[in-house]
file start-v8.cif (mmCIF, C-alpha atoms)
data_start
#
loop_
_atom_site.group_PDB
_atom_site.id
_atom_site.type_symbol
_atom_site.label_atom_id
_atom_site.label_comp_id
_atom_site.auth_asym_id
_atom_site.auth_seq_id
_atom_site.Cartn_x
_atom_site.Cartn_y
_atom_site.Cartn_z
ATOM 1 C CA MET A 179 7.035 -10.706 -15.687
ATOM 2 C CA ASP A 180 4.594 -9.192 -18.197
ATOM 3 C CA ASN A 181 5.907 -5.816 -19.365
ATOM 4 C CA ARG A 182 2.454 -4.327 -18.840
ATOM 5 C CA ASN A 183 2.804 -5.037 -15.104
ATOM 6 C CA ARG A 184 6.387 -3.857 -14.853
ATOM 7 C CA PRO A 185 6.776 -0.593 -12.876
ATOM 8 C CA ALA A 186 8.686 2.295 -14.381
ATOM 9 C CA GLN A 187 12.150 3.316 -13.257
ATOM 10 C CA TRP A 188 12.308 4.228 -9.568
ATOM 11 C CA TRP A 189 12.935 7.907 -10.280
ATOM 12 C CA ALA A 190 9.921 8.069 -12.596
ATOM 13 C CA GLU A 191 7.728 6.457 -9.949
ATOM 14 C CA LEU A 192 9.090 8.824 -7.301
ATOM 15 C CA LEU A 193 8.277 11.792 -9.514
ATOM 16 C CA LEU A 194 4.783 10.483 -10.261
ATOM 17 C CA VAL A 195 3.962 9.829 -6.603
ATOM 18 C CA GLY A 196 5.390 13.234 -5.644
ATOM 19 C CA VAL A 197 3.235 14.996 -8.222
ATOM 20 C CA MET A 198 0.212 13.034 -7.072
ATOM 21 C CA TYR A 199 0.785 13.993 -3.451
ATOM 22 C CA ALA A 200 1.239 17.652 -4.442
ATOM 23 C CA VAL A 201 -2.075 17.517 -6.316
ATOM 24 C CA TYR A 202 -3.701 15.891 -3.283
ATOM 25 C CA SER A 203 -2.335 18.512 -0.872
ATOM 26 C CA GLY A 204 -3.254 21.388 -3.166
ATOM 27 C CA GLY A 205 -6.701 19.926 -3.752
ATOM 28 C CA ARG A 206 -7.323 19.727 -0.004
ATOM 29 C CA LEU A 207 -6.544 23.425 0.340
ATOM 30 C CA LEU A 208 -8.706 24.399 -2.636
ATOM 31 C CA ALA A 209 -11.572 22.308 -1.260
ATOM 32 C CA ARG A 210 -11.949 24.481 1.818
ATOM 33 C CA GLY A 211 -15.608 25.132 2.355
ATOM 34 C CA ASP A 212 -17.606 27.644 4.313
ATOM 35 C CA ALA A 213 -17.193 27.127 8.076
ATOM 36 C CA ASP A 214 -20.933 27.283 8.764
ATOM 37 C CA ILE A 215 -21.655 24.690 6.075
ATOM 38 C CA ALA A 216 -18.892 22.451 7.432
ATOM 39 C CA VAL A 217 -20.253 22.708 10.969
ATOM 40 C CA GLY A 218 -23.739 21.885 9.697
ATOM 41 C CA HIS A 219 -22.462 18.762 7.974
ATOM 42 C CA GLY A 220 -20.596 17.710 11.115
ATOM 43 C CA LEU A 221 -23.661 18.136 13.312
ATOM 44 C CA ALA A 222 -25.825 16.227 10.825
ATOM 45 C CA ILE A 223 -23.388 13.307 10.882
ATOM 46 C CA LEU A 224 -23.247 13.348 14.676
ATOM 47 C CA GLN A 225 -27.032 13.442 14.990
ATOM 48 C CA PHE A 226 -27.365 10.500 12.610
ATOM 49 C CA GLU A 227 -24.817 8.487 14.566
ATOM 50 C CA GLU A 228 -26.443 9.267 17.894
ATOM 51 C CA THR A 229 -29.832 8.250 16.532
ATOM 52 C CA PHE A 230 -28.502 4.815 15.588
ATOM 53 C CA ARG A 231 -26.034 4.683 18.515
ATOM 54 C CA ILE A 232 -22.967 4.246 16.381
ATOM 55 C CA ASN A 233 -21.128 7.309 17.725
ATOM 56 C CA ALA A 234 -18.063 5.328 18.858
ATOM 57 C CA GLU A 235 -15.994 8.523 18.814
ATOM 58 C CA HIS A 236 -17.599 9.735 22.069
ATOM 59 C CA PRO A 237 -16.400 6.972 24.447
ATOM 60 C CA LEU A 238 -13.013 6.688 22.727
ATOM 61 C CA ASN A 239 -12.428 10.425 22.960
ATOM 62 C CA ARG A 240 -13.310 10.428 26.666
ATOM 63 C CA LEU A 241 -10.845 7.584 27.213
ATOM 64 C CA PHE A 242 -8.011 9.271 25.294
ATOM 65 C CA SER A 243 -8.554 12.669 26.918
ATOM 66 C CA ASP A 244 -8.745 11.186 30.447
ATOM 67 C CA GLN A 245 -5.723 8.879 30.035
ATOM 68 C CA PRO A 246 -2.584 10.659 28.761
ATOM 69 C CA TRP A 247 -0.741 7.331 28.433
ATOM 70 C CA LEU A 248 -3.241 6.550 25.650
ATOM 71 C CA GLY A 249 -3.902 10.041 24.334
ATOM 72 C CA VAL A 250 -0.307 11.155 23.807
ATOM 73 C CA PRO A 251 0.795 8.079 21.778
ATOM 74 C CA ALA A 252 -2.451 8.312 19.811
ATOM 75 C CA ASP A 253 -1.651 11.897 18.841
ATOM 76 C CA PHE A 254 1.815 10.854 17.675
ATOM 77 C CA VAL A 255 0.288 8.028 15.628
ATOM 78 C CA TYR A 256 -2.223 10.415 14.040
ATOM 79 C CA ALA A 257 0.384 13.068 13.261
ATOM 80 C CA SER A 258 3.062 10.806 11.791
ATOM 81 C CA LEU A 259 2.224 7.249 10.688
ATOM 82 C CA HIS A 260 -0.142 8.390 7.932
ATOM 83 C CA TYR A 261 2.820 10.053 6.193
ATOM 84 C CA LEU A 262 5.396 7.346 6.941
ATOM 85 C CA VAL A 263 3.737 3.949 6.612
ATOM 86 C CA THR A 264 2.039 4.526 3.245
ATOM 87 C CA PRO A 265 5.217 5.530 1.343
ATOM 88 C CA ALA A 266 7.137 2.771 3.145
ATOM 89 C CA VAL A 267 4.644 0.172 1.887
ATOM 90 C CA LEU A 268 4.867 1.621 -1.632
ATOM 91 C CA VAL A 269 8.668 1.309 -1.593
ATOM 92 C CA TRP A 270 8.500 -2.229 -0.168
ATOM 93 C CA LEU A 271 6.017 -3.269 -2.859
ATOM 94 C CA PHE A 272 8.121 -1.697 -5.630
ATOM 95 C CA ARG A 273 11.238 -3.531 -4.493
ATOM 96 C CA ARG A 274 9.890 -6.862 -3.276
ATOM 97 C CA ARG A 275 6.655 -7.452 -5.232
ATOM 98 C CA PRO A 276 7.084 -5.476 -8.492
ATOM 99 C CA ALA A 277 4.513 -7.561 -10.377
ATOM 100 C CA HIS A 278 1.805 -6.211 -8.062
ATOM 101 C CA TYR A 279 3.061 -2.633 -7.727
ATOM 102 C CA LEU A 280 1.362 -0.996 -10.703
ATOM 103 C CA ALA A 281 -2.152 -2.146 -9.794
ATOM 104 C CA ALA A 282 -1.690 -1.293 -6.099
ATOM 105 C CA ARG A 283 -0.319 2.174 -6.835
ATOM 106 C CA THR A 284 -3.142 2.862 -9.284
ATOM 107 C CA TRP A 285 -5.693 1.747 -6.690
ATOM 108 C CA LEU A 286 -4.217 4.151 -4.115
ATOM 109 C CA MET A 287 -4.199 7.081 -6.542
ATOM 110 C CA ILE A 288 -7.763 6.584 -7.765
ATOM 111 C CA SER A 289 -9.055 6.312 -4.208
ATOM 112 C CA THR A 290 -7.183 9.463 -3.192
ATOM 113 C CA LEU A 291 -8.768 11.397 -6.058
ATOM 114 C CA LEU A 292 -12.184 10.128 -4.971
ATOM 115 C CA GLY A 293 -11.407 11.397 -1.487
ATOM 116 C CA LEU A 294 -10.714 14.852 -2.906
ATOM 117 C CA VAL A 295 -14.146 14.789 -4.522
ATOM 118 C CA GLY A 296 -15.629 14.056 -1.100
ATOM 119 C CA PHE A 297 -13.743 16.948 0.531
ATOM 120 C CA THR A 298 -15.038 19.292 -2.173
ATOM 121 C CA LEU A 299 -18.666 18.189 -2.121
ATOM 122 C CA MET A 300 -18.983 17.797 1.634
ATOM 123 C CA PRO A 301 -16.676 19.956 3.761
ATOM 124 C CA THR A 302 -17.137 18.622 7.281
ATOM 125 C CA CYS A 303 -16.194 20.033 10.648
ATOM 126 C CA PRO A 304 -14.419 17.312 12.685
ATOM 127 C CA PRO A 305 -15.683 16.537 16.200
ATOM 128 C CA ARG A 306 -12.796 18.350 17.900
ATOM 129 C CA LEU A 307 -13.832 21.670 16.336
ATOM 130 C CA LEU A 308 -17.471 21.473 17.403
ATOM 131 C CA ASP A 309 -18.725 23.452 20.375
ATOM 132 C CA ALA A 310 -17.583 21.898 23.649
ATOM 133 C CA ALA A 311 -21.239 21.296 24.536
ATOM 134 C CA HIS A 312 -21.172 18.309 22.160
ATOM 135 C CA GLY A 313 -18.762 16.527 24.486
ATOM 136 C CA PHE A 314 -15.512 16.338 22.511
ATOM 137 C CA VAL A 315 -11.991 17.253 23.616
ATOM 138 C CA ASP A 316 -9.327 18.161 21.077
ATOM 139 C CA THR A 317 -6.538 15.867 22.260
ATOM 140 C CA MET A 318 -4.096 17.373 19.747
ATOM 141 C CA ALA A 319 -4.497 20.711 21.528
ATOM 142 C CA GLN A 320 -4.668 19.095 24.984
ATOM 143 C CA TYR A 321 -1.333 17.305 24.535
ATOM 144 C CA SER A 322 0.333 19.775 22.169
ATOM 145 C CA ALA A 323 3.211 20.313 24.626
ATOM 146 C CA TYR A 324 4.354 16.741 23.905
ATOM 147 C CA GLY A 325 4.615 17.085 20.120
ATOM 148 C CA TRP A 326 5.304 19.417 17.212
ATOM 149 C CA TRP A 327 1.665 20.158 16.474
ATOM 150 C CA GLY A 328 -0.489 22.976 17.773
ATOM 151 C CA SER A 329 -4.227 23.231 17.946
ATOM 152 C CA GLU A 330 -4.691 22.946 14.174
ATOM 153 C CA ALA A 331 -4.748 19.218 13.414
ATOM 154 C CA SER A 332 -1.351 17.614 12.867
ATOM 155 C CA ALA A 333 0.264 20.625 11.210
ATOM 156 C CA PRO A 334 3.414 21.977 12.888
ATOM 157 C CA ARG A 335 2.873 25.021 15.056
ATOM 158 C CA GLY A 336 2.355 28.137 12.982
ATOM 159 C CA LEU A 337 1.561 26.198 9.797
ATOM 160 C CA GLY A 338 -2.092 25.534 10.425
ATOM 161 C CA GLY A 339 -2.987 27.605 7.391
ATOM 162 C CA MET A 340 -1.328 24.967 5.212
ATOM 163 C CA THR A 341 -3.977 22.368 5.980
ATOM 164 C CA ASN A 342 -7.715 22.103 5.428
ATOM 165 C CA GLN A 343 -9.279 21.233 8.759
ATOM 166 C CA TYR A 344 -12.654 20.573 7.134
ATOM 167 C CA ALA A 345 -11.308 17.750 4.921
ATOM 168 C CA ALA A 346 -12.786 15.092 7.185
ATOM 169 C CA MET A 347 -15.281 13.223 4.990
ATOM 170 C CA PRO A 348 -14.085 10.673 3.970
ATOM 171 C CA SER A 349 -11.207 9.812 6.300
ATOM 172 C CA LEU A 350 -8.192 9.071 4.122
ATOM 173 C CA HIS A 351 -6.254 8.294 7.293
ATOM 174 C CA VAL A 352 -8.463 5.228 7.500
ATOM 175 C CA GLY A 353 -8.539 4.717 3.726
ATOM 176 C CA TRP A 354 -4.769 4.731 3.304
ATOM 177 C CA ALA A 355 -4.340 2.534 6.382
ATOM 178 C CA LEU A 356 -6.783 0.035 4.890
ATOM 179 C CA TRP A 357 -4.795 0.046 1.632
ATOM 180 C CA CYS A 358 -1.577 -0.635 3.570
ATOM 181 C CA GLY A 359 -3.277 -3.400 5.512
ATOM 182 C CA VAL A 360 -4.616 -5.158 2.426
ATOM 183 C CA ILE A 361 -1.254 -4.941 0.648
ATOM 184 C CA LEU A 362 0.674 -6.350 3.602
ATOM 185 C CA TRP A 363 -1.903 -9.084 4.191
ATOM 186 C CA ARG A 364 -2.021 -10.190 0.547
ATOM 187 C CA HIS A 365 1.644 -9.883 -0.357
ATOM 188 C CA GLY A 366 3.474 -10.278 2.932
ATOM 189 C CA ARG A 367 4.944 -13.723 3.418
ATOM 190 C CA SER A 368 5.862 -13.540 7.085
ATOM 191 C CA PRO A 369 3.285 -13.846 9.887
ATOM 192 C CA LEU A 370 4.595 -10.588 11.354
ATOM 193 C CA LEU A 371 3.889 -8.599 8.187
ATOM 194 C CA ARG A 372 0.435 -10.086 7.830
ATOM 195 C CA ALA A 373 -0.358 -9.373 11.493
ATOM 196 C CA ALA A 374 0.783 -5.775 11.010
ATOM 197 C CA GLY A 375 -1.452 -5.554 7.952
ATOM 198 C CA ALA A 376 -4.456 -6.679 9.984
ATOM 199 C CA ALA A 377 -3.718 -4.446 12.978
ATOM 200 C CA TYR A 378 -2.801 -1.173 11.274
ATOM 201 C CA PRO A 379 -6.268 -0.199 9.893
ATOM 202 C CA ILE A 380 -7.887 -1.083 13.237
ATOM 203 C CA LEU A 381 -5.341 0.992 15.155
ATOM 204 C CA THR A 382 -5.756 3.941 12.783
ATOM 205 C CA THR A 383 -9.551 3.863 13.079
ATOM 206 C CA ALA A 384 -9.366 3.875 16.880
ATOM 207 C CA VAL A 385 -6.873 6.758 16.783
ATOM 208 C CA VAL A 386 -8.841 9.032 14.430
ATOM 209 C CA LEU A 387 -11.989 8.530 16.509
ATOM 210 C CA GLY A 388 -10.323 8.804 19.905
ATOM 211 C CA THR A 389 -8.470 12.004 19.028
ATOM 212 C CA ALA A 390 -11.790 13.500 17.779
ATOM 213 C CA ASN A 391 -10.408 14.100 14.295
ATOM 214 C CA HIS A 392 -13.124 12.041 12.598
ATOM 215 C CA TYR A 393 -16.606 10.648 13.060
ATOM 216 C CA PHE A 394 -17.313 6.964 12.740
ATOM 217 C CA LEU A 395 -19.059 7.633 9.415
ATOM 218 C CA ASP A 396 -15.922 9.398 8.143
ATOM 219 C CA ALA A 397 -14.007 6.193 8.797
ATOM 220 C CA ALA A 398 -16.683 4.098 7.095
ATOM 221 C CA ALA A 399 -16.626 6.448 4.094
ATOM 222 C CA GLY A 400 -12.835 6.126 3.915
ATOM 223 C CA ALA A 401 -13.201 2.345 3.635
ATOM 224 C CA ALA A 402 -15.965 2.744 1.026
ATOM 225 C CA VAL A 403 -13.786 5.061 -1.086
ATOM 226 C CA MET A 404 -11.020 2.457 -1.086
ATOM 227 C CA GLY A 405 -13.526 -0.194 -2.140
ATOM 228 C CA LEU A 406 -14.749 1.934 -5.034
ATOM 229 C CA GLY A 407 -11.169 2.709 -6.041
ATOM 230 C CA LEU A 408 -10.406 -1.011 -6.100
ATOM 231 C CA LEU A 409 -13.365 -1.641 -8.417
ATOM 232 C CA LEU A 410 -12.260 1.118 -10.793
ATOM 233 C CA THR A 411 -8.609 0.066 -10.940
ATOM 234 C CA PRO A 412 -8.856 -2.675 -13.633
ATOM 235 C CA GLY A 413 -10.636 -0.307 -16.008
ATOM 236 C CA ALA A 414 -8.095 2.433 -15.338
ATOM 237 C CA LEU A 415 -5.242 0.036 -16.112
ATOM 238 C CA ARG A 416 -6.881 -1.053 -19.363
ATOM 239 C CA LEU A 417 -7.398 2.569 -20.374
ATOM 240 C CA ALA A 418 -3.795 3.434 -19.550
ATOM 241 C CA GLY A 419 -2.663 0.478 -21.659
ATOM 242 C CA ARG A 420 -4.623 1.763 -24.663
ATOM 243 C CA ILE A 421 -3.317 5.318 -24.525
ATOM 244 C CA ARG A 422 0.267 4.430 -23.635
ATOM 245 C CA PRO A 423 2.486 5.669 -26.493
ATOM 246 C CA ARG A 424 4.043 2.913 -28.588
ATOM 247 C CA PRO A 425 7.061 3.100 -30.905
ATOM 248 C CA ALA A 426 6.027 3.528 -34.530
ATOM 249 C CA GLY A 427 7.432 2.362 -37.855
ATOM 250 C CA ARG A 428 10.221 -0.113 -38.164
ATOM 251 C CA PHE A 429 11.143 0.313 -34.476
ATOM 252 C CA ALA A 430 7.763 -0.912 -33.216
ATOM 253 C CA PRO A 431 8.022 -4.181 -31.275
ATOM 254 C CA THR A 432 6.228 -7.070 -32.967
ATOM 255 C CA GLY A 433 6.647 -9.773 -30.373
ATOM 256 C CA SER A 434 9.807 -11.824 -30.149
ATOM 257 C CA PRO A 435 12.782 -10.327 -32.019
ATOM 258 C CA ASN A 436 13.517 -11.834 -35.420
ATOM 259 C CA VAL A 437 17.152 -11.127 -36.161
ATOM 260 C CA SER A 438 17.032 -12.738 -39.596
ATOM 261 C CA SER A 439 14.106 -10.607 -40.855
ATOM 262 C CA GLY A 440 12.824 -13.578 -42.847
ATOM 263 C CA TRP A 441 16.170 -14.656 -44.298
ATOM 264 C CA ASP A 442 17.530 -18.149 -43.919
ATOM 265 C CA THR A 443 20.845 -18.576 -42.221
ATOM 266 C CA SER A 444 23.109 -21.531 -42.045
ATOM 267 C CA ALA A 445 26.186 -22.591 -40.162
ATOM 268 C CA GLY A 446 29.167 -20.410 -40.948
ATOM 269 C CA GLU A 447 26.923 -17.511 -41.952
ATOM 270 C CA PRO A 448 26.586 -15.315 -38.828
ATOM 271 C CA ILE A 449 25.228 -12.280 -40.683
ATOM 272 C CA PRO A 450 21.826 -12.913 -42.348
ATOM 273 C CA ALA A 451 22.537 -10.259 -44.975
ATOM 274 C CA GLN A 452 25.264 -12.385 -46.513
ATOM 275 C CA ARG A 453 22.848 -14.652 -48.380
ATOM 276 C CA ALA A 454 20.540 -11.740 -49.206
ATOM 277 C CA ALA A 455 23.467 -9.849 -50.700
ATOM 278 C CA SER A 456 24.615 -12.845 -52.711
ATOM 279 C CA ARG A 457 21.096 -13.342 -54.063
ATOM 280 C CA SER A 458 20.924 -9.695 -55.017
ATOM 281 C CA VAL A 459 24.190 -9.930 -56.937
ATOM 282 C CA ALA A 460 23.018 -13.088 -58.675
ATOM 283 C CA ASP A 461 19.745 -11.469 -59.641
ATOM 284 C CA ASP A 462 21.501 -8.430 -61.126
ATOM 285 C CA SER A 463 24.051 -10.454 -63.126
ATOM 286 C CA PRO A 464 23.176 -11.161 -66.782
ATOM 287 C CA ALA A 465 21.859 -14.564 -67.517
ATOM 288 C CA ALA A 466 24.379 -16.996 -68.921
ATOM 289 C CA PRO A 467 23.998 -17.514 -72.653
ATOM 290 C CA ARG A 468 22.492 -20.771 -73.663
#
call {"tool": "encode", "arguments": {"input": "start-v8.cif", "output": "structure tokens"}}
result
Amino acid sequence: MDNRNRPAQWWAELLLVGVMYAVYSGGRLLARGDADIAVGHGLAILQFEETFRINAEHPLNRLFSDQPWLGVPADFVYASLHYLVTPAVLVWLFRRRPAHYLAARTWLMISTLLGLVGFTLMPTCPPRLLDAAHGFVDTMAQYSAYGWWGSEASAPRGLGGMTNQYAAMPSLHVGWALWCGVILWRHGRSPLLRAAGAAYPILTTAVVLGTANHYFLDAAAGAAVMGLGLLLTPGALRLAGRIRPRPAGRFAPTGSPNVSSGWDTSAGEPIPAQRAASRSVADDSPAAPR
């Protein structure tokens, strides 16, 4: 495998991903916008969708809120799989397909940073937080007795202040699920893995709409962010290759190792310096008189 595609040690990758997730979580909190602005953005999105009749979140939310056997599992999926499946796919890729890990991890990180830009520029009130007159039911609050969450998204009860409820545009639930799906489809060798890769983004999209956590356009923007991240990944890898520190001086790698450093060796002469030393002695000895 090309060294440029070889992932770092597992502990270094774990540290890097941990730092990246901390930056992502902190960025979400810092990107909190004004509530009135966020509500305005949410209503504008909803009006646009209703105009073009693409507001799929309305019928799905009615179905999930009317049928607990659908709504309760959907809330569990929303509150947990986002944080379990993505790291599981990263670990699987690191262990089983290391030649593809670096590019896939870079793609995920770039797309996540683009998502943070979206949260900052366009804080958006999710459907569940709009006035009830708009026809949405917060299924996380409706079925909160079944899980660890309260009425504040998927955060555990009492920790709602640790999340930004207006970080809805784009939907990184959908974006990360799409990343997982593509990775499993492209690099999974069993039909089961590939089927899971195809189903997971579809399931996640239905869940985020049905639980009223996102608009359809949020989901579409999540997919678009992943597409843009994929386009930017090759350039990011080339840039990282240029700025990666390299050993200097006589320790710098120059291709395949040359143990003889230009000296000739022959059978019975395991140390190349033997001939060099003998030549040096011969050169320093006085010339024989003629």
call {"tool": "closest_atom_pairs", "arguments": {"input": "start-v8.cif", "of": "stretch 208-276 of chain A", "to": "stretch 188-193 of chain A", "cutoff": "12 Å", "atoms": "all atoms listed in the file", "output": "CSV"}}
result
residue,atom,partner,partner_atom,distance
A:Pro265,CA,A:Leu192,CA,10.0
A:Leu268,CA,A:Glu191,CA,10.0
A:Val269,CA,A:Trp188,CA,9.2
A:Leu271,CA,A:Trp188,CA,11.9
A:Phe272,CA,A:Trp188,CA,8.3
A:Arg273,CA,A:Trp188,CA,9.3
A:Pro276,CA,A:Trp188,CA,11.1
call {"tool": "residues_near_point", "arguments": {"input": "start-v8.cif", "point": "(-11.2, 9.4, 13.2)", "cutoff": "12 Å", "atoms": "all atoms listed in the file", "output": "PyMOL selection string"}}
result
chain A and resi 233-236+238-239+252-253+255-256+304-306+316+331+345-353+355+379-400
call {"tool": "closest_residue", "arguments": {"input": "start-v8.cif", "among": "A:His219, A:Arg275, A:His312, A:His365", "to": "A:Phe297", "atoms": "all atoms listed in the file"}}
result
A:His219
call {"tool": "closest_residue", "arguments": {"input": "start-v8.cif", "among": "A:Ala282, A:Ala323, A:Met198, A:Ile223", "to": "A:Thr411", "atoms": "all atoms listed in the file"}}
result
A:Ala282
call {"tool": "atom_distance", "arguments": {"input": "start-v8.cif", "atom1": "atom CA of A:Leu371", "atom2": "atom CA of A:Arg283"}}
result
19.0 Å
call {"tool": "residues_around", "arguments": {"input": "start-v8.cif", "residues": "A:Ala374", "least_positions_apart": "3", "cutoff": "8 Å", "atoms": "all atoms listed in the file", "output": "CSV table (one decimal) with C-alpha atoms, keeping the file's coordinate frame"}}
result
chain,number,residue,atom,x,y,z
A,359,GLY,CA,-3.3,-3.4,5.5
A,362,LEU,CA,0.7,-6.4,3.6
A,370,LEU,CA,4.6,-10.6,11.4
A,371,LEU,CA,3.9,-8.6,8.2
A,377,ALA,CA,-3.7,-4.4,13.0
A,378,TYR,CA,-2.8,-1.2,11.3
call {"tool": "atom_distance", "arguments": {"input": "start-v8.cif", "atom1": "atom CA of A:Ala373", "atom2": "atom CA of A:Trp354"}}
result
16.9 Å
call {"tool": "closest_residue", "arguments": {"input": "start-v8.cif", "among": "A:Val263, A:Pro301, A:Ile361, A:Leu286", "to": "A:Leu408", "atoms": "only C-alpha atoms"}}
result
A:Leu286
call {"tool": "resolve_selection", "arguments": {"input": "start-v8.cif", "expression": "the PyMOL selection byres ((chain A and resi 290) around 9)", "output": "MDAnalysis selection string"}}
result
chainID A and resid 202 285:289 291:295 350 353:354 403:404 407
